[in-house]
file target_33.cif (mmCIF, C-alpha atoms)
data_my_file
#
loop_
_atom_site.label_atom_id
_atom_site.label_comp_id
_atom_site.auth_asym_id
_atom_site.auth_seq_id
_atom_site.Cartn_x
_atom_site.Cartn_y
_atom_site.Cartn_z
CA MET A 1 -5.29 -8.28 31.54
CA ASN A 2 -7.90 -7.12 29.03
CA THR A 3 -6.80 -4.10 27.04
CA HIS A 4 -8.00 -2.03 24.09
CA GLU A 5 -5.93 -1.26 21.02
CA PRO A 6 -5.75 2.39 19.92
CA ILE A 7 -7.40 1.68 16.55
CA VAL A 8 -10.71 3.39 15.82
CA GLY A 9 -12.90 2.05 12.99
CA ARG A 10 -15.55 4.01 11.08
CA TYR A 11 -17.56 3.98 7.87
CA VAL A 12 -17.67 6.73 5.27
CA TYR A 13 -19.80 6.92 2.12
CA ILE A 14 -17.68 7.46 -1.01
CA GLN A 15 -19.05 8.50 -4.40
CA CYS A 16 -17.11 7.08 -7.34
CA GLU A 17 -18.09 6.49 -10.96
CA GLY A 18 -21.77 7.09 -10.27
CA LYS A 19 -22.09 4.68 -7.35
CA THR A 20 -22.03 5.07 -3.57
CA TYR A 21 -19.74 2.81 -1.54
CA ARG A 22 -20.06 2.28 2.20
CA THR A 23 -16.37 2.16 3.00
CA TYR A 24 -14.74 0.94 6.18
CA TYR A 25 -11.52 2.44 7.48
CA GLU A 26 -9.42 2.34 10.63
CA GLU A 27 -7.13 5.00 12.00
CA ALA A 28 -4.83 5.81 14.87
CA GLY A 29 -2.34 8.51 15.70
CA ASP A 30 -1.78 12.20 15.21
CA GLY A 31 0.29 14.18 12.76
CA ILE A 32 0.92 13.88 9.04
CA PRO A 33 -1.93 11.88 7.46
CA MET A 34 -0.74 8.62 5.92
CA VAL A 35 -3.21 6.55 3.90
CA CYS A 36 -2.33 2.85 3.58
CA LEU A 37 -3.44 0.58 0.72
CA HIS A 38 -3.77 -3.18 1.12
CA THR A 39 -2.72 -5.83 -1.37
CA ALA A 40 -4.93 -7.60 -3.92
CA GLY A 41 -7.62 -9.77 -2.37
CA ALA A 42 -6.85 -8.68 1.21
CA ASP A 43 -7.96 -5.86 3.51
CA ASN A 44 -6.72 -3.23 5.92
CA ARG A 45 -5.75 -5.76 8.59
CA GLU A 46 -2.38 -5.87 6.81
CA TYR A 47 -1.65 -2.60 8.61
CA ARG A 48 -2.80 -3.54 12.11
CA HIS A 49 0.76 -3.57 13.44
CA GLN A 50 1.54 -0.08 12.18
CA LEU A 51 -1.78 1.25 13.51
CA CYS A 52 -0.85 0.01 16.99
CA ASP A 53 2.78 1.13 17.00
CA PRO A 54 3.54 4.52 18.58
CA ASP A 55 6.71 4.76 16.49
CA TYR A 56 4.31 5.44 13.62
CA THR A 57 1.33 7.01 15.37
CA ASN A 58 3.34 9.56 17.35
CA HIS A 59 4.21 11.22 14.06
CA PHE A 60 1.49 10.17 11.63
CA ARG A 61 -2.27 9.87 11.51
CA VAL A 62 -2.25 6.36 10.06
CA ILE A 63 -5.38 5.50 8.05
CA ALA A 64 -6.10 2.17 6.33
CA PHE A 65 -9.31 1.50 4.41
CA ASP A 66 -10.90 -1.56 2.85
CA LEU A 67 -11.39 -1.10 -0.87
CA PRO A 68 -14.99 -1.88 -1.96
CA TRP A 69 -15.55 -5.64 -2.25
CA HIS A 70 -12.86 -6.22 0.41
CA GLY A 71 -12.95 -6.77 4.17
CA LYS A 72 -15.78 -4.79 5.76
CA SER A 73 -16.46 -2.61 2.68
CA ASN A 74 -19.37 -4.07 0.77
CA PRO A 75 -19.78 -4.23 -2.99
CA PRO A 76 -22.24 -1.72 -4.50
CA GLU A 77 -25.84 -2.49 -3.59
CA ASP A 78 -26.70 -3.81 -7.04
CA PHE A 79 -23.72 -6.16 -7.31
CA TYR A 80 -26.00 -9.20 -7.64
CA LEU A 81 -27.33 -7.75 -10.91
CA MET A 82 -23.92 -7.43 -12.50
CA GLU A 83 -23.53 -9.59 -15.57
CA GLU A 84 -19.72 -9.39 -15.69
CA GLU A 85 -17.24 -10.58 -13.12
CA TYR A 86 -15.56 -8.10 -10.83
CA LYS A 87 -12.56 -6.39 -12.47
CA LEU A 88 -10.62 -3.62 -10.79
CA THR A 89 -9.44 -0.91 -13.19
CA GLU A 90 -6.72 1.69 -12.92
CA ARG A 91 -9.22 4.49 -13.36
CA PHE A 92 -11.59 3.35 -10.61
CA TYR A 93 -8.78 2.49 -8.21
CA SER A 94 -7.02 5.84 -8.52
CA GLU A 95 -10.20 7.90 -8.47
CA PHE A 96 -11.54 6.02 -5.45
CA ILE A 97 -8.35 6.68 -3.47
CA VAL A 98 -8.54 10.39 -4.25
CA ALA A 99 -12.26 10.47 -3.39
CA PHE A 100 -11.56 8.76 -0.07
CA CYS A 101 -8.86 11.27 0.85
CA ARG A 102 -11.13 14.16 -0.06
CA ALA A 103 -14.04 12.68 1.91
CA LEU A 104 -11.85 12.68 5.03
CA ASP A 105 -10.67 16.20 4.19
CA LEU A 106 -7.04 15.10 4.25
CA ASP A 107 -4.50 17.76 3.31
CA LYS A 108 -1.78 16.26 1.13
CA PRO A 109 -1.48 12.88 2.84
CA VAL A 110 1.38 10.47 2.43
CA LEU A 111 0.26 7.44 0.42
CA MET A 112 1.72 4.03 1.25
CA GLY A 113 0.59 0.95 -0.64
CA GLN A 114 1.90 -2.54 -1.26
CA SER A 115 1.65 -4.78 -4.32
CA MET A 116 -1.22 -3.35 -6.36
CA GLY A 117 -1.23 -0.53 -3.81
CA GLY A 118 2.40 0.10 -4.69
CA ASN A 119 1.73 0.09 -8.41
CA ILE A 120 -1.11 2.60 -8.16
CA CYS A 121 1.29 5.08 -6.56
CA LEU A 122 2.70 5.64 -10.06
CA GLU A 123 -0.68 6.58 -11.52
CA LEU A 124 -1.41 8.90 -8.60
CA ALA A 125 2.02 10.50 -8.85
CA LEU A 126 1.35 11.20 -12.51
CA ARG A 127 -2.27 12.39 -12.38
CA TYR A 128 -2.76 13.64 -8.83
CA GLU A 129 0.64 14.76 -7.56
CA ASN A 130 -0.88 17.93 -6.06
CA GLU A 131 -3.08 15.81 -3.77
CA PHE A 132 -0.21 14.07 -1.94
CA SER A 133 3.00 14.93 -0.10
CA ALA A 134 4.90 11.65 -0.62
CA PHE A 135 4.49 8.15 -2.03
CA ILE A 136 5.82 4.94 -0.46
CA ALA A 137 5.43 2.14 -3.01
CA LEU A 138 6.01 -1.27 -1.38
CA GLU A 139 6.56 -4.16 -3.78
CA GLY A 140 5.62 -1.86 -6.66
CA CYS A 141 6.81 -1.58 -10.25
CA GLU A 142 5.84 -0.32 -13.70
CA HIS A 143 4.21 -3.53 -14.97
CA SER A 144 3.24 -6.86 -13.37
CA PRO A 145 2.20 -9.26 -16.15
CA GLY A 146 0.91 -12.81 -15.95
CA TRP A 147 -1.24 -12.85 -12.80
CA TRP A 148 -4.78 -12.49 -14.16
CA ILE A 149 -5.55 -16.19 -14.60
CA ASP A 150 -8.81 -18.18 -14.45
CA PRO A 151 -7.75 -20.76 -11.79
CA LEU A 152 -7.77 -17.96 -9.23
CA HIS A 153 -11.57 -17.98 -9.44
CA HIS A 154 -12.44 -21.67 -9.68
CA SER A 155 -14.62 -23.75 -7.38
CA ALA A 156 -11.88 -26.37 -7.07
CA VAL A 157 -9.44 -23.76 -5.75
CA GLY A 158 -11.44 -21.48 -3.48
CA CYS A 159 -10.14 -18.78 -1.20
CA ASP A 160 -8.18 -21.22 0.95
CA GLY A 161 -6.33 -22.42 -2.16
CA VAL A 162 -5.55 -18.86 -3.13
CA ALA A 163 -4.36 -18.17 0.40
CA THR A 164 -2.04 -21.15 0.38
CA ALA A 165 -0.56 -20.06 -2.94
CA ILE A 166 0.56 -16.73 -1.52
CA PHE A 167 2.82 -18.46 1.00
CA GLY A 168 5.43 -18.62 -1.75
CA LEU A 169 5.49 -14.83 -1.98
CA MET A 170 6.50 -14.46 1.67
CA SER A 171 10.03 -14.57 3.00
CA PRO A 172 11.01 -17.86 4.65
CA ASP A 173 12.58 -15.75 7.38
CA SER A 174 9.32 -14.02 8.31
CA PRO A 175 7.87 -15.21 11.63
CA ASP A 176 5.51 -18.16 11.18
CA VAL A 177 2.84 -16.54 13.31
CA TYR A 178 2.62 -13.57 10.92
CA ARG A 179 2.94 -15.68 7.78
CA HIS A 180 -0.09 -17.71 8.87
CA GLU A 181 -1.97 -14.59 9.90
CA THR A 182 -1.47 -13.22 6.38
CA TRP A 183 -2.71 -16.55 5.03
CA TRP A 184 -5.85 -16.12 7.15
CA TYR A 185 -6.62 -12.75 5.59
CA TYR A 186 -6.52 -14.25 2.10
CA ALA A 187 -8.63 -17.24 3.11
CA GLN A 188 -11.47 -14.83 3.91
CA GLY A 189 -11.60 -12.99 0.59
CA GLY A 190 -14.78 -12.76 -1.45
CA PRO A 191 -15.19 -15.12 -4.42
CA GLY A 192 -13.35 -13.85 -7.47
CA ILE A 193 -12.03 -10.73 -5.75
CA PHE A 194 -8.36 -11.69 -5.78
CA LYS A 195 -8.55 -12.48 -9.48
CA GLY A 196 -10.51 -9.28 -10.14
CA ASP A 197 -7.86 -7.17 -8.43
CA LEU A 198 -5.21 -8.83 -10.55
CA HIS A 199 -7.04 -7.59 -13.64
CA TYR A 200 -5.78 -4.14 -12.65
CA TYR A 201 -2.41 -5.48 -11.54
CA SER A 202 -1.57 -7.37 -14.74
CA MET A 203 -3.91 -6.17 -17.48
CA ASP A 204 -5.08 -2.60 -16.90
CA SER A 205 -1.91 -0.93 -15.68
CA ASP A 206 1.29 -0.55 -17.67
CA PHE A 207 3.65 2.29 -16.83
CA ARG A 208 6.61 1.20 -18.92
CA ASP A 209 6.13 4.14 -21.25
CA ARG A 210 4.77 6.55 -18.65
CA CYS A 211 7.28 6.53 -15.78
CA HIS A 212 9.33 9.29 -17.38
CA LYS A 213 6.27 11.56 -17.34
CA ILE A 214 6.17 11.65 -13.52
CA SER A 215 7.57 15.06 -12.54
CA GLY A 216 9.43 13.98 -9.41
CA ARG A 217 8.23 17.04 -7.50
CA VAL A 218 6.62 14.73 -4.92
CA PRO A 219 9.05 12.25 -3.30
CA ILE A 220 8.63 8.62 -4.33
CA TYR A 221 10.20 5.83 -2.29
CA MET A 222 10.14 2.30 -3.72
CA LEU A 223 10.81 -0.59 -1.32
CA THR A 224 10.87 -4.24 -2.41
CA GLY A 225 11.80 -7.49 -0.68
CA GLU A 226 14.31 -9.80 -2.30
CA TYR A 227 12.02 -12.85 -1.90
CA ASP A 228 9.24 -11.27 -3.95
CA PHE A 229 8.87 -12.96 -7.32
CA ALA A 230 5.67 -11.10 -8.28
CA CYS A 231 7.58 -7.83 -8.14
CA THR A 232 11.24 -8.70 -8.17
CA PRO A 233 13.96 -6.32 -6.98
CA GLU A 234 15.06 -5.95 -10.59
CA MET A 235 11.56 -4.87 -11.62
CA THR A 236 11.47 -2.21 -8.91
CA GLU A 237 14.99 -0.99 -9.65
CA ARG A 238 14.19 -0.70 -13.36
CA THR A 239 11.08 1.33 -12.54
CA ALA A 240 12.84 3.67 -10.10
CA GLU A 241 15.55 4.40 -12.65
CA LYS A 242 12.90 5.90 -14.94
CA ILE A 243 11.31 8.18 -12.32
CA LYS A 244 12.89 11.53 -11.52
CA GLY A 245 14.27 11.54 -7.99
CA ALA A 246 12.83 8.17 -6.98
CA GLU A 247 14.63 6.32 -4.21
CA CYS A 248 14.83 2.52 -4.41
CA ILE A 249 15.46 0.31 -1.37
CA ILE A 250 15.85 -3.48 -1.64
CA PHE A 251 15.65 -5.43 1.60
CA SER A 252 15.51 -9.01 2.81
CA GLY A 253 11.75 -9.60 2.91
CA GLY A 254 8.68 -10.80 1.05
CA HIS A 255 5.65 -9.45 -0.80
CA PHE A 256 3.61 -8.48 2.29
CA PRO A 257 6.13 -6.60 4.44
CA THR A 258 3.74 -4.75 6.75
CA ALA A 259 1.94 -7.96 7.69
CA GLU A 260 4.41 -10.84 7.37
CA ASP A 261 7.28 -9.22 9.27
CA PRO A 262 6.27 -5.90 10.87
CA ASP A 263 9.43 -5.58 12.97
CA LYS A 264 11.77 -5.90 10.01
CA PHE A 265 9.57 -3.63 7.94
CA LYS A 266 9.82 -0.92 10.59
CA GLU A 267 13.62 -1.08 10.44
CA VAL A 268 13.49 -0.63 6.67
CA VAL A 269 10.86 2.10 6.44
CA THR A 270 11.93 4.22 9.43
CA PRO A 271 14.63 6.16 7.49
CA VAL A 272 12.02 6.97 4.84
CA LEU A 273 9.54 8.19 7.43
CA LYS A 274 12.21 10.36 9.04
CA LYS A 275 12.81 12.08 5.70
CA ILE A 276 9.09 12.71 5.28
CA ILE A 277 8.83 14.17 8.79
CA GLN A 278 11.84 16.42 8.26
CA ASN A 279 10.38 17.70 5.00
CA ASP A 280 7.04 18.46 6.70
CA PRO A 281 7.88 19.58 10.28
CA GLY A 282 4.77 21.68 10.72
CA ARG A 283 2.41 18.70 10.58
CA ARG A 284 4.22 15.99 12.48
CA GLY A 285 2.48 14.64 15.57
CA GLY A 286 2.75 16.24 18.95
CA SER A 287 4.99 13.44 20.21
CA ALA A 288 7.66 14.00 17.57
CA THR A 289 10.91 14.65 19.40
CA ALA A 290 14.60 15.15 18.92
CA ARG A 291 14.86 11.45 18.13
CA VAL A 292 14.00 12.38 14.55
CA GLU A 293 15.52 15.87 14.53
CA SER A 294 18.90 14.56 15.62
CA SER A 295 19.31 12.64 12.38
CA GLY A 296 20.03 15.91 10.57
CA ASP A 297 18.18 18.12 8.10
CA SER A 298 17.53 16.37 4.81
CA ARG A 299 15.92 19.40 3.13
CA SER A 300 18.97 20.23 1.06
CA THR A 301 18.90 20.26 -2.73
CA PRO A 302 17.66 16.78 -3.68
CA LYS A 303 20.04 14.44 -5.47
CA ARG A 304 19.08 11.32 -7.32
CA PRO A 305 20.07 8.36 -5.13
CA GLY A 306 20.99 4.99 -6.52
CA PRO A 307 19.30 1.77 -5.41
CA ARG A 308 20.06 0.97 -1.81
CA VAL A 309 20.22 -2.65 -0.67
CA ILE A 310 19.44 -3.33 2.97
CA ASP A 311 20.13 -6.79 4.37
CA LEU A 312 18.34 -7.16 7.69
#
call {"tool": "encode", "arguments": {"input": "target_33.cif", "output": "structure tokens"}}
result
Amino acid sequence: MNTHEPIVGRYVYIQCEGKTYRTYYEEAGDGIPMVCLHTAGADNREYRHQLCDPDYTNHFRVIAFDLPWHGKSNPPEDFYLMEEEYKLTERFYSEFIVAFCRALDLDKPVLMGQSMGGNICLELALRYENEFSAFIALEGCEHSPGWWIDPLHHSAVGCDGVATAIFGLMSPDSPDVYRHETWWYYAQGGPGIFKGDLHYYSMDSDFRDRCHKISGRVPIYMLTGEYDFACTPEMTERTAEKIKGAECIIFSGGHFPTAEDPDKFKEVVTPVLKKIIQNDPGRRGGSATARVESSGDSRSTPKRPGPRVIDL
């Protein structure tokens, strides 16, 4: 039988650093706004499972956008006149995210990002903590060196070569159908975009001496899969130890948890989402029920948790 998914897609015009970007986003659900950031070189399809899952959308207004140059968000109109290759910077990335949230008139959304989207949570927690209610950094850490390399934008490699390379970052236990779907996303990237994103990831962002400056007033949850060698569990644990009140969860998964194994990811992230709902009961979706409330009230005086290892 033919059916429709609950996802609604729209375009919004975002002003950032003197340019206007026609930006595509998808959303579903009702409740606490949660903005989702895709990985380097990919697009918002990495969150299609969460956008279609009532276990998320009954409590959250889930929103996932394509960063400019990615997916259905075009480059700036004059991109063909640019003399330099595309390079994502920490400043543009963080300011664009804030501009997007303001354009949608979101009131203190939750921010969830993976890979470079996980790393940028640190910058936003430092500079824009008053704009957000919680951060969920997936496969994120303070510094990710060594990934901005020329072969990633070479005619002999191409997007299909880049896509094949990312197989190694996925868990061997993730379902093949989702591993190959994630490959498909990367095979469709624009030329040089994956490498350009990794300029931010490896060259323009280094929080090793800044983590301690994050106040900890906004909850930060850091989740990393044990099969991730771009952001290893040790890298995430070391970062979380420097951030006041950060919670670190290590699980059996890969670098693209929302896309490569959505069922396992839901098991891992559900306790985090319950905490966010309990800390913000006035905004949870209309379908929120005692299923969450029965888990107890977590709004007691916060204590610094140690790293938690989940083997699923």
call {"tool": "atom_distance", "arguments": {"input": "target_33.cif", "atom1": "CA of Leu124 in chain A", "atom2": "CA of Lys242 in chain A"}}
result
15.9 Å
call {"tool": "atom_distance", "arguments": {"input": "target_33.cif", "atom1": "CA of Met112 in chain A", "atom2": "CA of Ser94 in chain A"}}
result
13.2 Å
call {"tool": "closest_residue", "arguments": {"input": "target_33.cif", "among": "A:Pro175, A:Gly41, A:Gly196, A:Pro109", "to": "Val162 in chain A", "atoms": "all atoms listed in the file"}}
result
A:Gly41
call {"tool": "atom_distance", "arguments": {"input": "target_33.cif", "atom1": "CA of Arg208 in chain A", "atom2": "CA of Glu142 in chain A"}}
result
5.5 Å
call {"tool": "closest_residue", "arguments": {"input": "target_33.cif", "among": "A:Arg91, A:Gly29, A:Gly245, A:Ile149", "to": "Asp55 in chain A", "atoms": "all atoms listed in the file"}}
result
A:Gly29
call {"tool": "resolve_selection", "arguments": {"input": "target_33.cif", "expression": "the PyMOL selection byres ((chain A and resi 233-239) around 6)", "output": "compact mmCIF listing (two decimals) with C-alpha atoms, keeping the file's coordinate frame"}}
result
# COMPACT_ATOMS: atom_id res chain seq x y z
CA CYS A 141 6.81 -1.58 -10.25
CA GLU A 142 5.84 -0.32 -13.70
CA THR A 224 10.87 -4.24 -2.41
CA GLU A 226 14.31 -9.80 -2.30
CA THR A 232 11.24 -8.70 -8.17
CA ALA A 240 12.84 3.67 -10.10
CA GLU A 241 15.55 4.40 -12.65
CA LYS A 242 12.90 5.90 -14.94
